[in-house]
file work.txt (compact mmCIF, C-alpha atoms and all ligand atoms)
# COMPACT_ATOMS: atom_id res chain seq x y z
CA MET A 1 -30.03 -44.40 -38.46
CA SER A 2 -32.18 -46.69 -40.52
CA ALA A 3 -30.61 -49.20 -42.86
CA THR A 4 -33.73 -49.15 -44.98
CA LEU A 5 -34.03 -45.46 -45.86
CA ARG A 6 -34.01 -45.07 -49.63
CA PHE A 7 -34.62 -42.01 -51.75
CA GLY A 8 -33.78 -43.40 -55.17
CA GLU A 9 -30.48 -41.51 -55.00
CA GLY A 10 -28.78 -43.95 -57.35
CA ASN A 11 -30.67 -42.41 -60.28
CA LEU A 12 -31.34 -38.94 -59.01
CA GLN A 13 -27.63 -38.11 -58.69
CA TYR A 14 -26.97 -38.70 -62.40
CA ASP A 15 -28.40 -36.86 -65.40
CA ALA A 16 -29.75 -38.52 -68.56
CA GLN A 17 -26.22 -38.70 -70.01
CA GLY A 18 -24.96 -40.49 -66.89
CA ARG A 19 -23.03 -37.44 -65.63
CA LEU A 20 -22.95 -36.72 -61.92
CA ARG A 21 -25.30 -33.77 -61.44
CA HIS A 22 -26.13 -33.81 -57.72
CA LEU A 23 -24.27 -35.18 -54.70
CA LEU A 24 -26.90 -36.48 -52.31
CA SER A 25 -25.40 -39.60 -50.83
CA THR A 26 -22.35 -41.85 -51.21
CA GLU A 27 -24.87 -44.66 -51.62
CA GLY A 28 -25.36 -45.32 -55.30
CA LEU A 29 -22.21 -43.40 -56.28
CA ARG A 30 -19.94 -45.24 -58.71
CA GLU A 31 -16.27 -45.82 -57.97
CA ARG A 32 -15.13 -43.74 -60.93
CA GLU A 33 -16.92 -40.59 -59.75
CA LEU A 34 -15.68 -41.15 -56.23
CA LEU A 35 -12.11 -41.40 -57.51
CA GLN A 36 -12.59 -38.40 -59.77
CA ILE A 37 -13.66 -36.30 -56.78
CA LEU A 38 -10.68 -37.50 -54.70
CA ASP A 39 -8.18 -36.93 -57.53
CA THR A 40 -9.60 -33.48 -58.32
CA ALA A 41 -9.41 -32.58 -54.62
CA GLU A 42 -5.68 -33.48 -54.68
CA SER A 43 -5.19 -30.93 -57.42
CA PHE A 44 -7.07 -28.24 -55.46
CA LEU A 45 -5.18 -28.84 -52.20
CA SER A 46 -2.18 -26.69 -53.11
CA ILE A 47 -4.34 -23.61 -53.82
CA ALA A 48 -4.60 -23.09 -50.04
CA ASN A 49 -0.85 -22.49 -49.90
CA ARG A 50 -0.77 -19.78 -52.56
CA SER A 51 -0.76 -16.10 -51.66
CA VAL A 52 -3.76 -15.66 -53.98
CA LYS A 53 -6.01 -18.56 -52.95
CA LYS A 54 -8.30 -18.54 -55.98
CA THR A 55 -8.95 -20.23 -59.31
CA PRO A 56 -11.39 -18.89 -61.93
CA THR A 57 -13.14 -22.29 -62.25
CA LEU A 58 -16.63 -21.09 -61.26
CA ARG A 59 -16.34 -17.42 -62.20
CA GLY A 60 -19.77 -16.02 -63.04
CA ARG A 61 -21.64 -18.84 -61.27
CA THR A 62 -23.70 -18.42 -58.10
CA ILE A 63 -23.85 -20.92 -55.25
CA ALA A 64 -26.43 -20.60 -52.44
CA ASN A 65 -25.73 -22.14 -49.03
CA LEU A 66 -28.92 -23.05 -47.19
CA PHE A 67 -28.25 -24.24 -43.66
CA PHE A 68 -31.35 -25.18 -41.68
CA GLU A 69 -29.21 -26.78 -38.95
CA ASN A 70 -26.17 -25.56 -37.04
CA SER A 71 -22.78 -26.04 -38.59
CA THR A 72 -19.29 -24.64 -38.20
CA ARG A 73 -16.87 -26.64 -40.36
CA THR A 74 -19.21 -27.75 -43.12
CA ARG A 75 -20.79 -24.34 -43.61
CA SER A 76 -17.55 -22.38 -43.62
CA THR A 77 -15.65 -24.81 -45.84
CA PHE A 78 -18.49 -24.85 -48.40
CA GLU A 79 -18.53 -21.05 -48.41
CA LEU A 80 -14.76 -20.83 -48.77
CA ALA A 81 -14.71 -23.59 -51.39
CA ALA A 82 -17.14 -21.68 -53.62
CA LYS A 83 -15.27 -18.41 -53.06
CA ARG A 84 -11.89 -19.97 -53.87
CA LEU A 85 -13.43 -21.20 -57.12
CA SER A 86 -14.44 -17.54 -57.78
CA ALA A 87 -18.20 -18.18 -57.57
CA ASP A 88 -20.59 -15.61 -56.12
CA VAL A 89 -21.88 -16.98 -52.84
CA LEU A 90 -25.23 -16.42 -51.18
CA ASN A 91 -25.44 -17.50 -47.54
CA ILE A 92 -29.03 -17.79 -46.46
CA ALA A 93 -29.29 -17.55 -42.69
CA VAL A 94 -32.41 -19.64 -42.32
CA SER A 95 -33.48 -18.33 -38.93
CA THR A 96 -33.74 -14.81 -40.42
CA SER A 97 -35.22 -15.93 -43.74
CA SER A 98 -38.85 -16.51 -44.69
CA ALA A 99 -38.58 -20.17 -43.66
CA SER A 100 -39.32 -18.91 -40.16
CA LYS A 101 -42.55 -17.41 -41.61
CA GLY A 102 -43.56 -20.80 -42.96
CA GLU A 103 -42.28 -20.58 -46.55
CA SER A 104 -41.83 -24.06 -48.00
CA LEU A 105 -38.42 -25.31 -49.03
CA THR A 106 -39.37 -25.54 -52.69
CA ASP A 107 -40.86 -22.00 -52.68
CA MET A 108 -37.59 -20.75 -51.27
CA ILE A 109 -35.67 -22.63 -54.00
CA ASP A 110 -37.96 -21.25 -56.75
CA ASN A 111 -37.33 -17.71 -55.55
CA LEU A 112 -33.58 -18.24 -55.55
CA MET A 113 -33.84 -19.79 -59.02
CA ALA A 114 -35.51 -16.56 -60.17
CA MET A 115 -32.16 -14.95 -59.24
CA GLN A 116 -30.35 -17.45 -61.52
CA VAL A 117 -28.62 -19.44 -58.80
CA ASP A 118 -26.54 -22.29 -60.30
CA GLY A 119 -26.19 -24.50 -57.27
CA PHE A 120 -27.50 -25.20 -53.79
CA VAL A 121 -25.71 -26.59 -50.76
CA ILE A 122 -28.33 -27.76 -48.28
CA ARG A 123 -28.20 -28.90 -44.68
CA HIS A 124 -31.55 -29.84 -43.22
CA PRO A 125 -32.82 -31.71 -40.14
CA GLU A 126 -35.18 -33.83 -42.27
CA ALA A 127 -33.80 -36.91 -44.04
CA GLY A 128 -34.47 -36.59 -47.76
CA ALA A 129 -34.59 -32.75 -47.92
CA ALA A 130 -31.75 -32.45 -50.47
CA HIS A 131 -33.32 -35.26 -52.53
CA LEU A 132 -36.60 -33.36 -52.59
CA VAL A 133 -34.85 -30.26 -53.92
CA ALA A 134 -32.86 -32.25 -56.50
CA ARG A 135 -36.05 -33.88 -57.74
CA HIS A 136 -37.73 -30.46 -57.89
CA LEU A 137 -34.85 -28.90 -59.86
CA GLY A 138 -33.93 -31.76 -62.18
CA ASP A 139 -30.96 -30.62 -64.23
CA SER A 140 -31.57 -26.87 -63.82
CA ALA A 141 -29.16 -26.44 -60.88
CA LEU A 142 -26.79 -28.62 -58.90
CA VAL A 143 -27.59 -29.79 -55.37
CA VAL A 144 -25.14 -30.90 -52.69
CA ASN A 145 -26.39 -32.56 -49.54
CA ALA A 146 -24.46 -31.06 -46.60
CA GLY A 147 -26.23 -33.37 -44.12
CA ASP A 148 -29.89 -34.45 -43.98
CA GLY A 149 -31.21 -35.64 -40.62
CA GLN A 150 -29.71 -38.99 -39.71
CA HIS A 151 -29.48 -40.05 -43.33
CA ALA A 152 -26.37 -38.91 -45.22
CA HIS A 153 -23.42 -36.52 -45.20
CA PRO A 154 -21.56 -37.41 -48.39
CA THR A 155 -18.90 -34.67 -48.42
CA GLN A 156 -17.86 -35.57 -44.86
CA ALA A 157 -17.40 -39.20 -45.92
CA LEU A 158 -15.46 -38.10 -49.00
CA LEU A 159 -13.10 -35.93 -46.96
CA ASP A 160 -12.64 -38.84 -44.56
CA VAL A 161 -11.69 -41.30 -47.31
CA PHE A 162 -9.49 -38.59 -48.85
CA THR A 163 -7.71 -38.26 -45.47
CA ILE A 164 -7.31 -42.02 -45.09
CA ARG A 165 -5.94 -42.36 -48.64
CA ARG A 166 -3.51 -39.45 -48.20
CA LEU A 167 -2.26 -40.09 -44.67
CA GLY A 168 -3.06 -43.71 -43.93
CA GLY A 169 -2.34 -45.59 -47.17
CA PRO A 170 -4.42 -47.47 -49.72
CA ILE A 171 -8.02 -48.01 -48.67
CA GLU A 172 -7.97 -51.47 -50.31
CA ASP A 173 -5.82 -52.80 -47.46
CA ARG A 174 -6.90 -50.81 -44.43
CA VAL A 175 -9.09 -52.09 -41.62
CA VAL A 176 -11.35 -49.21 -40.57
CA ALA A 177 -13.35 -48.96 -37.34
CA ILE A 178 -16.16 -46.47 -36.78
CA VAL A 179 -16.59 -45.98 -33.04
CA GLY A 180 -19.47 -44.58 -30.99
CA ASP A 181 -22.93 -43.30 -31.85
CA VAL A 182 -23.37 -45.02 -35.20
CA PHE A 183 -27.14 -45.20 -34.84
CA HIS A 184 -27.73 -41.44 -35.10
CA SER A 185 -24.85 -40.74 -37.44
CA ARG A 186 -25.34 -39.64 -41.05
CA VAL A 187 -21.53 -39.52 -41.19
CA ALA A 188 -21.17 -43.23 -40.37
CA ARG A 189 -23.73 -44.28 -42.94
CA SER A 190 -22.00 -42.26 -45.68
CA GLN A 191 -18.56 -43.48 -44.60
CA ILE A 192 -19.68 -47.11 -44.81
CA HIS A 193 -20.91 -46.70 -48.41
CA ALA A 194 -17.84 -44.73 -49.54
CA LEU A 195 -15.40 -47.20 -47.96
CA SER A 196 -17.24 -50.17 -49.48
CA VAL A 197 -17.23 -48.70 -52.99
CA LEU A 198 -13.49 -47.99 -52.66
CA GLY A 199 -12.81 -51.62 -51.73
CA CYS A 200 -12.07 -51.34 -48.01
CA PRO A 201 -11.62 -55.00 -47.00
CA GLU A 202 -13.02 -54.67 -43.47
CA ILE A 203 -15.30 -52.05 -41.94
CA ARG A 204 -16.16 -52.36 -38.26
CA VAL A 205 -18.66 -50.49 -36.13
CA ILE A 206 -18.04 -50.41 -32.39
CA GLY A 207 -20.27 -49.16 -29.58
CA PRO A 208 -22.99 -50.03 -27.09
CA ARG A 209 -25.92 -52.16 -28.30
CA THR A 210 -28.32 -49.20 -28.14
CA LEU A 211 -26.12 -47.08 -30.44
CA VAL A 212 -24.72 -49.88 -32.63
CA PRO A 213 -27.58 -52.29 -33.29
CA GLU A 214 -26.85 -55.75 -34.72
CA GLU A 215 -28.95 -54.95 -37.81
CA LEU A 216 -26.15 -52.71 -39.02
CA SER A 217 -24.45 -55.88 -40.22
CA ALA A 218 -26.96 -55.71 -43.12
CA LEU A 219 -24.73 -52.90 -44.44
CA GLY A 220 -21.85 -55.38 -44.68
CA VAL A 221 -20.03 -54.19 -41.56
CA HIS A 222 -18.69 -56.17 -38.58
CA VAL A 223 -20.46 -55.20 -35.36
CA TYR A 224 -18.58 -55.07 -32.01
CA HIS A 225 -19.83 -54.12 -28.57
CA ASP A 226 -16.42 -54.38 -26.96
CA LEU A 227 -13.82 -51.72 -27.73
CA GLN A 228 -10.75 -53.86 -27.09
CA ALA A 229 -11.92 -56.69 -29.36
CA GLY A 230 -13.13 -54.20 -31.99
CA LEU A 231 -9.85 -52.26 -32.18
CA ARG A 232 -7.59 -55.28 -32.60
CA GLY A 233 -5.83 -55.06 -35.98
CA VAL A 234 -7.42 -51.71 -36.88
CA ASP A 235 -5.48 -49.18 -39.03
CA VAL A 236 -7.96 -46.29 -38.99
CA ILE A 237 -10.32 -45.23 -36.17
CA CYS A 238 -13.19 -42.90 -37.03
CA ALA A 239 -14.59 -41.55 -33.77
CA LEU A 240 -18.12 -40.13 -33.82
CA ARG A 241 -19.75 -37.48 -31.72
CA LEU A 242 -22.37 -38.63 -29.29
CA GLN A 243 -25.42 -36.94 -30.84
CA ARG A 244 -27.18 -35.86 -27.67
CA GLU A 245 -29.64 -33.66 -29.59
CA ARG A 246 -30.96 -36.72 -31.49
CA MET A 247 -30.95 -39.02 -28.50
CA GLU A 248 -34.07 -40.52 -26.97
CA SER A 249 -33.21 -40.72 -23.28
CA HIS A 250 -33.24 -44.53 -23.00
CA ARG A 251 -30.44 -44.98 -25.52
CA LEU A 252 -27.70 -43.66 -23.26
CA PRO A 253 -27.66 -44.09 -19.47
CA SER A 254 -24.70 -41.78 -18.74
CA LEU A 255 -21.89 -39.97 -20.51
CA ASP A 256 -19.46 -41.24 -17.86
CA GLU A 257 -20.40 -44.81 -18.55
CA PHE A 258 -20.01 -44.28 -22.30
CA HIS A 259 -16.56 -42.79 -21.77
CA ARG A 260 -15.57 -45.64 -19.45
CA ARG A 261 -16.50 -48.28 -22.01
CA PHE A 262 -15.95 -46.61 -25.40
CA GLY A 263 -14.05 -43.35 -24.93
CA LEU A 264 -10.77 -43.22 -26.89
CA THR A 265 -7.93 -42.76 -24.42
CA PRO A 266 -4.17 -43.06 -25.07
CA GLU A 267 -4.13 -46.48 -23.33
CA ARG A 268 -6.95 -47.84 -25.50
CA LEU A 269 -5.37 -46.53 -28.67
CA GLN A 270 -2.67 -49.16 -28.02
CA TRP A 271 -5.27 -51.85 -28.76
CA ALA A 272 -5.26 -50.82 -32.43
CA GLU A 273 -2.33 -51.16 -34.87
CA PRO A 274 0.70 -49.00 -33.97
CA GLY A 275 0.29 -45.52 -35.46
CA ALA A 276 -3.38 -46.07 -36.34
CA LEU A 277 -4.96 -42.83 -37.64
CA VAL A 278 -7.64 -41.16 -35.51
CA LEU A 279 -10.35 -39.20 -37.33
CA HIS A 280 -13.29 -37.23 -35.94
CA PRO A 281 -15.76 -35.16 -38.01
CA GLY A 282 -16.18 -32.56 -35.26
CA PRO A 283 -17.60 -31.06 -33.18
CA MET A 284 -15.83 -33.13 -30.51
CA ASN A 285 -17.07 -33.85 -27.00
CA ARG A 286 -13.69 -33.97 -25.30
CA GLY A 287 -13.71 -36.40 -22.40
CA VAL A 288 -16.74 -38.25 -23.78
CA GLU A 289 -16.01 -40.06 -27.08
CA ILE A 290 -12.39 -38.87 -27.21
CA ALA A 291 -9.84 -37.85 -24.58
CA SER A 292 -7.96 -34.60 -25.19
CA GLU A 293 -4.62 -36.47 -25.20
CA VAL A 294 -5.86 -38.46 -28.21
CA ALA A 295 -7.59 -35.54 -29.95
CA ASP A 296 -4.40 -33.47 -29.73
CA GLY A 297 -2.01 -36.42 -30.06
CA ALA A 298 0.32 -37.50 -32.85
CA GLN A 299 -2.10 -40.03 -34.33
CA ALA A 300 -5.01 -37.59 -34.71
CA VAL A 301 -5.59 -36.09 -38.17
CA ILE A 302 -8.67 -34.09 -37.19
CA LEU A 303 -7.48 -30.68 -38.38
CA GLN A 304 -6.08 -32.17 -41.58
CA GLN A 305 -9.62 -33.47 -42.19
CA VAL A 306 -10.86 -29.87 -42.10
CA ALA A 307 -8.21 -28.70 -44.59
CA HIS A 308 -9.02 -31.67 -46.82
CA GLY A 309 -12.72 -30.86 -46.55
CA LEU A 310 -12.15 -27.56 -48.27
CA ALA A 311 -10.36 -29.18 -51.22
CA VAL A 312 -12.96 -31.96 -51.46
CA ARG A 313 -15.84 -29.45 -51.48
CA MET A 314 -14.10 -27.41 -54.17
CA ALA A 315 -13.80 -30.61 -56.23
CA VAL A 316 -17.45 -31.53 -55.73
CA LEU A 317 -18.74 -28.08 -56.73
CA ALA A 318 -16.44 -27.90 -59.78
CA ILE A 319 -17.34 -31.39 -61.01
CA LEU A 320 -21.10 -30.97 -60.51
CA ALA A 321 -20.98 -27.60 -62.29
CA GLY A 322 -19.34 -29.38 -65.23
CA ALA A 323 -16.33 -27.06 -64.91
CA VAL A 324 -13.85 -29.87 -64.29
CA GLY A 325 -13.48 -33.17 -66.11
CA GLY A 326 -16.54 -35.18 -67.00
CA VAL A 327 -16.75 -38.92 -66.57
C1 LIG A 401 -21.17 -33.89 -38.41
C2 LIG A 401 -22.60 -33.56 -38.80
O1 LIG A 401 -23.04 -32.43 -38.67
O2 LIG A 401 -23.24 -34.48 -39.23
N1 LIG A 401 -20.34 -32.79 -38.29
C3 LIG A 401 -19.83 -32.20 -39.39
O3 LIG A 401 -20.48 -32.05 -40.40
N2 LIG A 401 -18.54 -31.82 -39.32
C4 LIG A 401 -21.10 -34.78 -37.25
C5 LIG A 401 -21.74 -34.33 -35.97
O4 LIG A 401 -22.48 -33.37 -35.90
O5 LIG A 401 -21.49 -35.02 -34.99

call {"tool": "encode", "arguments": {"input": "work.txt", "output": "structure tokens"}}
result
Amino acid sequence: MSATLRFGEGNLQYDAQGRLRHLLSTEGLRERELLQILDTAESFLSIANRSVKKTPTLRGRTIANLFFENSTRTRSTFELAAKRLSADVLNIAVSTSSASKGESLTDMIDNLMAMQVDGFVIRHPEAGAAHLVARHLGDSALVVNAGDGQHAHPTQALLDVFTIRRLGGPIEDRVVAIVGDVFHSRVARSQIHALSVLGCPEIRVIGPRTLVPEELSALGVHVYHDLQAGLRGVDVICALRLQRERMESHRLPSLDEFHRRFGLTPERLQWAEPGALVLHPGPMNRGVEIASEVADGAQAVILQQVAHGLAVRMAVLAILAGAVGGV
């Protein structure tokens, strides 16, 4: 994760009238839009408990999901979110699409635009891919970044702050620790920006020096390389997956050693505040960054995060489509 990556998202996310048009990153997002998304998500949460789990909010609109990287939770909650808003949904399975024949991303977008698609949800291994599409489309369709390389994953960060606010109390007085592979994590980077904008008084990052470099303090976070010291006084623990697929071999000597020093076990949970919330974006490596007793324990809110993700993604799509509110 580079602290210096910039794609001009501060401007690109807003249209000429200052309305939120694309969601590319939590960086550069204003507090009022962040709060609007969280408040709108609250109002969508109860739809999941109805026998008919639908609202007509996006009836007649078409949303295309383009996933160039594997995904379980993000992909299915985006699909369900659009369907529950009554949109037509196109799921492009990239391995069977023309991308595998060398078609460029923007050619693929142009072809989908010829079918009058109103919005794109994009996950891509390259940092900046969603920004490229947003720049290409301007105001003609909405773009949501569902994860780009090691750069950003704004809806994950939004569902995390939604979960903290709902189950852990006001963000303005919570101490939050992000634990593990911060270096490779687009989730961590987006969480840090979202928490800062919402006034979180103390954000910590905890992990080995190779995965939590000192330079991260440039983002305004407190860096710890010792789990016990880092967890003292913490109200919310955000565990991260060890991203083995992005790992250059020298960054991590052994999974066992990582677990011994930074794995969240029931005993180590005691180092944080009593009842501290435990979040994880999934997929989890049980026995590596998190022990099963913690993942399945009373303090974990990991499955609530998934349920919240659906409501948050409904809110994002509805707001960007201009179908809800307008700030
Ligand atoms: C995260 C991702 O893909 O960035 N997962 C997710 O979206 N739920 C985190 C991860 O892969 O570790």

call {"tool": "closest_residue", "arguments": {"input": "work.txt", "among": "A:Gly322, A:Gly28, A:Pro154, A:Pro266", "to": "ligand LIG 401 (chain A)", "atoms": "only C-alpha atoms and all ligand atoms"}}
result
A:Pro154

call {"tool": "closest_residue", "arguments": {"input": "work.txt", "among": "A:Ala130, A:Glu215, A:Asn111, A:Asp39", "to": "Ser98 in chain A", "atoms": "all atoms listed in the file"}}
result
A:Asn111

call {"tool": "closest_residue", "arguments": {"input": "work.txt", "among": "A:Arg61, A:His308, A:Arg204, A:His280", "to": "ligand LIG 401 (chain A)", "atoms": "all atoms listed in the file"}}
result
A:His280

call {"tool": "atom_distance", "arguments": {"input": "work.txt", "atom1": "CA of Val197 in chain A", "atom2": "CA of Gly168 in chain A"}}
result
17.5 Å

call {"tool": "axis_aligned_box", "arguments": {"input": "work.txt", "around": "ligand LIG 401 (chain A)", "padding_each_side": "8 Å", "output": "AutoDock Vina command-line options"}}
result
--center_x -20.9 --center_y -33.4 --center_z -37.7 --size_x 20.7 --size_y 19.2 --size_z 21.4

call {"tool": "closest_residue", "arguments": {"input": "work.txt", "among": "A:Gly220, A:Pro125, A:Gly199, A:Pro283", "to": "Glu69 in chain A", "atoms": "only C-alpha atoms"}}
result
A:Pro125

call {"tool": "closest_atom_pairs", "arguments": {"input": "work.txt", "of": "chain A", "to": "ligand LIG 401 (chain A)", "cutoff": "6 Å", "atoms": "only C-alpha atoms and all ligand atoms", "output": "Markdown table"}}
result
| residue | atom | partner | partner_atom | distance |
| --- | --- | --- | --- | --- |
| A:Arg73 | CA | A:LIG401 | N2 | 5.5 |
| A:Thr74 | CA | A:LIG401 | O3 | 5.2 |
| A:Gly147 | CA | A:LIG401 | O2 | 5.8 |
| A:Arg186 | CA | A:LIG401 | O2 | 5.9 |
| A:Val187 | CA | A:LIG401 | O2 | 5.7 |
| A:Arg241 | CA | A:LIG401 | O5 | 4.4 |
| A:Pro281 | CA | A:LIG401 | N2 | 4.5 |
| A:Gly282 | CA | A:LIG401 | N2 | 4.8 |
| A:Pro283 | CA | A:LIG401 | O5 | 5.8 |

call {"tool": "closest_residue", "arguments": {"input": "work.txt", "among": "A:Asp181, A:Leu219, A:Val52, A:Asn70", "to": "Met247 in chain A", "atoms": "only C-alpha atoms"}}
result
A:Asp181

call {"tool": "residues_around", "arguments": {"input": "work.txt", "residues": "Leu85 in chain A", "least_positions_apart": "5", "cutoff": "10 Å", "atoms": "only C-alpha atoms", "output": "PyMOL selection string"}}
result
chain A and resi 44+47+53-59+61+80+314-315+317-318

call {"tool": "atom_distance", "arguments": {"input": "work.txt", "atom1": "CA of Asp88 in chain A", "atom2": "CA of Ala64 in chain A"}}
result
8.5 Å

call {"tool": "closest_residue", "arguments": {"input": "work.txt", "among": "A:Ser71, A:Ser25, A:Ser292, A:Asn11", "to": "Ala194 in chain A", "atoms": "all atoms listed in the file"}}
result
A:Ser25

call {"tool": "atom_distance", "arguments": {"input": "work.txt", "atom1": "CA of Leu137 in chain A", "atom2": "CA of Arg19 in chain A"}}
result
15.7 Å

call {"tool": "residues_near_point", "arguments": {"input": "work.txt", "point": "(-26.3, -18.2, -53.5)", "cutoff": "12 Å", "atoms": "only C-alpha atoms", "output": "ChimeraX atom specification"}}
result
/A:60-67,78-79,82-83,87-93,108-109,111-122,141-143

call {"tool": "residues_around", "arguments": {"input": "work.txt", "residues": "Leu167 in chain A", "least_positions_apart": "5", "cutoff": "12 Å", "atoms": "all atoms listed in the file", "output": "list in words"}}
result
Leu159, Asp160, Val161, Phe162, Arg174, Asp235, Val236, Gly275, Ala276, Leu277, Val278, Leu279, Gln299, Ala300, Val301, Ile302, Gln304, Gln305 and His308 of chain A

call {"tool": "decode", "arguments": {"input": "work.txt", "residues": "range 103-119 of chain A", "atoms": "N, CA, C and O atoms", "output": "compact mmCIF listing (two decimals), in the first residue's frame"}}
result
# COMPACT_ATOMS: atom_id res chain seq x y z
N GLU A 103 -9.71 -7.43 -25.06
CA GLU A 103 -10.48 -6.19 -25.19
C GLU A 103 -10.11 -5.24 -24.05
O GLU A 103 -9.96 -5.67 -22.90
N SER A 104 -9.97 -3.95 -24.36
CA SER A 104 -9.58 -3.02 -23.31
C SER A 104 -10.79 -2.74 -22.41
O SER A 104 -11.94 -2.93 -22.81
N LEU A 105 -10.47 -2.26 -21.21
CA LEU A 105 -11.53 -1.96 -20.24
C LEU A 105 -12.49 -0.91 -20.79
O LEU A 105 -13.71 -1.05 -20.70
N THR A 106 -11.94 0.13 -21.41
CA THR A 106 -12.83 1.19 -21.90
C THR A 106 -13.65 0.73 -23.12
O THR A 106 -14.79 1.15 -23.28
N ASP A 107 -13.11 -0.16 -23.94
CA ASP A 107 -13.92 -0.72 -25.04
C ASP A 107 -15.09 -1.52 -24.46
O ASP A 107 -16.22 -1.45 -24.95
N MET A 108 -14.80 -2.28 -23.42
CA MET A 108 -15.86 -3.07 -22.79
C MET A 108 -16.95 -2.13 -22.24
O MET A 108 -18.15 -2.36 -22.43
N ILE A 109 -16.53 -1.04 -21.60
CA ILE A 109 -17.47 -0.07 -21.03
C ILE A 109 -18.30 0.57 -22.15
O ILE A 109 -19.52 0.71 -22.04
N ASP A 110 -17.64 0.95 -23.25
CA ASP A 110 -18.36 1.59 -24.37
C ASP A 110 -19.45 0.67 -24.92
O ASP A 110 -20.54 1.10 -25.27
N ASN A 111 -19.11 -0.62 -25.01
CA ASN A 111 -20.10 -1.58 -25.52
C ASN A 111 -21.29 -1.71 -24.56
O ASN A 111 -22.44 -1.78 -24.99
N LEU A 112 -20.99 -1.72 -23.28
CA LEU A 112 -22.09 -1.81 -22.30
C LEU A 112 -22.91 -0.52 -22.30
O LEU A 112 -24.13 -0.54 -22.13
N MET A 113 -22.24 0.61 -22.55
CA MET A 113 -22.97 1.89 -22.63
C MET A 113 -23.91 1.90 -23.83
O MET A 113 -24.96 2.55 -23.80
N ALA A 114 -23.52 1.18 -24.90
CA ALA A 114 -24.41 1.09 -26.06
C ALA A 114 -25.69 0.33 -25.71
O ALA A 114 -26.69 0.40 -26.43
N MET A 115 -25.65 -0.40 -24.60
CA MET A 115 -26.86 -1.11 -24.10
C MET A 115 -27.56 -0.28 -23.02
O MET A 115 -28.40 -0.80 -22.29
N GLN A 116 -27.20 0.99 -22.91
CA GLN A 116 -27.80 1.92 -21.93
C GLN A 116 -27.68 1.47 -20.48
O GLN A 116 -28.64 1.49 -19.71
N VAL A 117 -26.49 1.04 -20.12
CA VAL A 117 -26.24 0.73 -18.70
C VAL A 117 -26.15 2.05 -17.93
O VAL A 117 -25.61 3.05 -18.42
N ASP A 118 -26.71 2.08 -16.72
CA ASP A 118 -26.71 3.32 -15.92
C ASP A 118 -25.59 3.37 -14.89
O ASP A 118 -25.29 4.44 -14.36
N GLY A 119 -25.05 2.20 -14.57
CA GLY A 119 -24.01 2.22 -13.54
C GLY A 119 -23.12 1.00 -13.61
O GLY A 119 -23.54 -0.07 -14.07
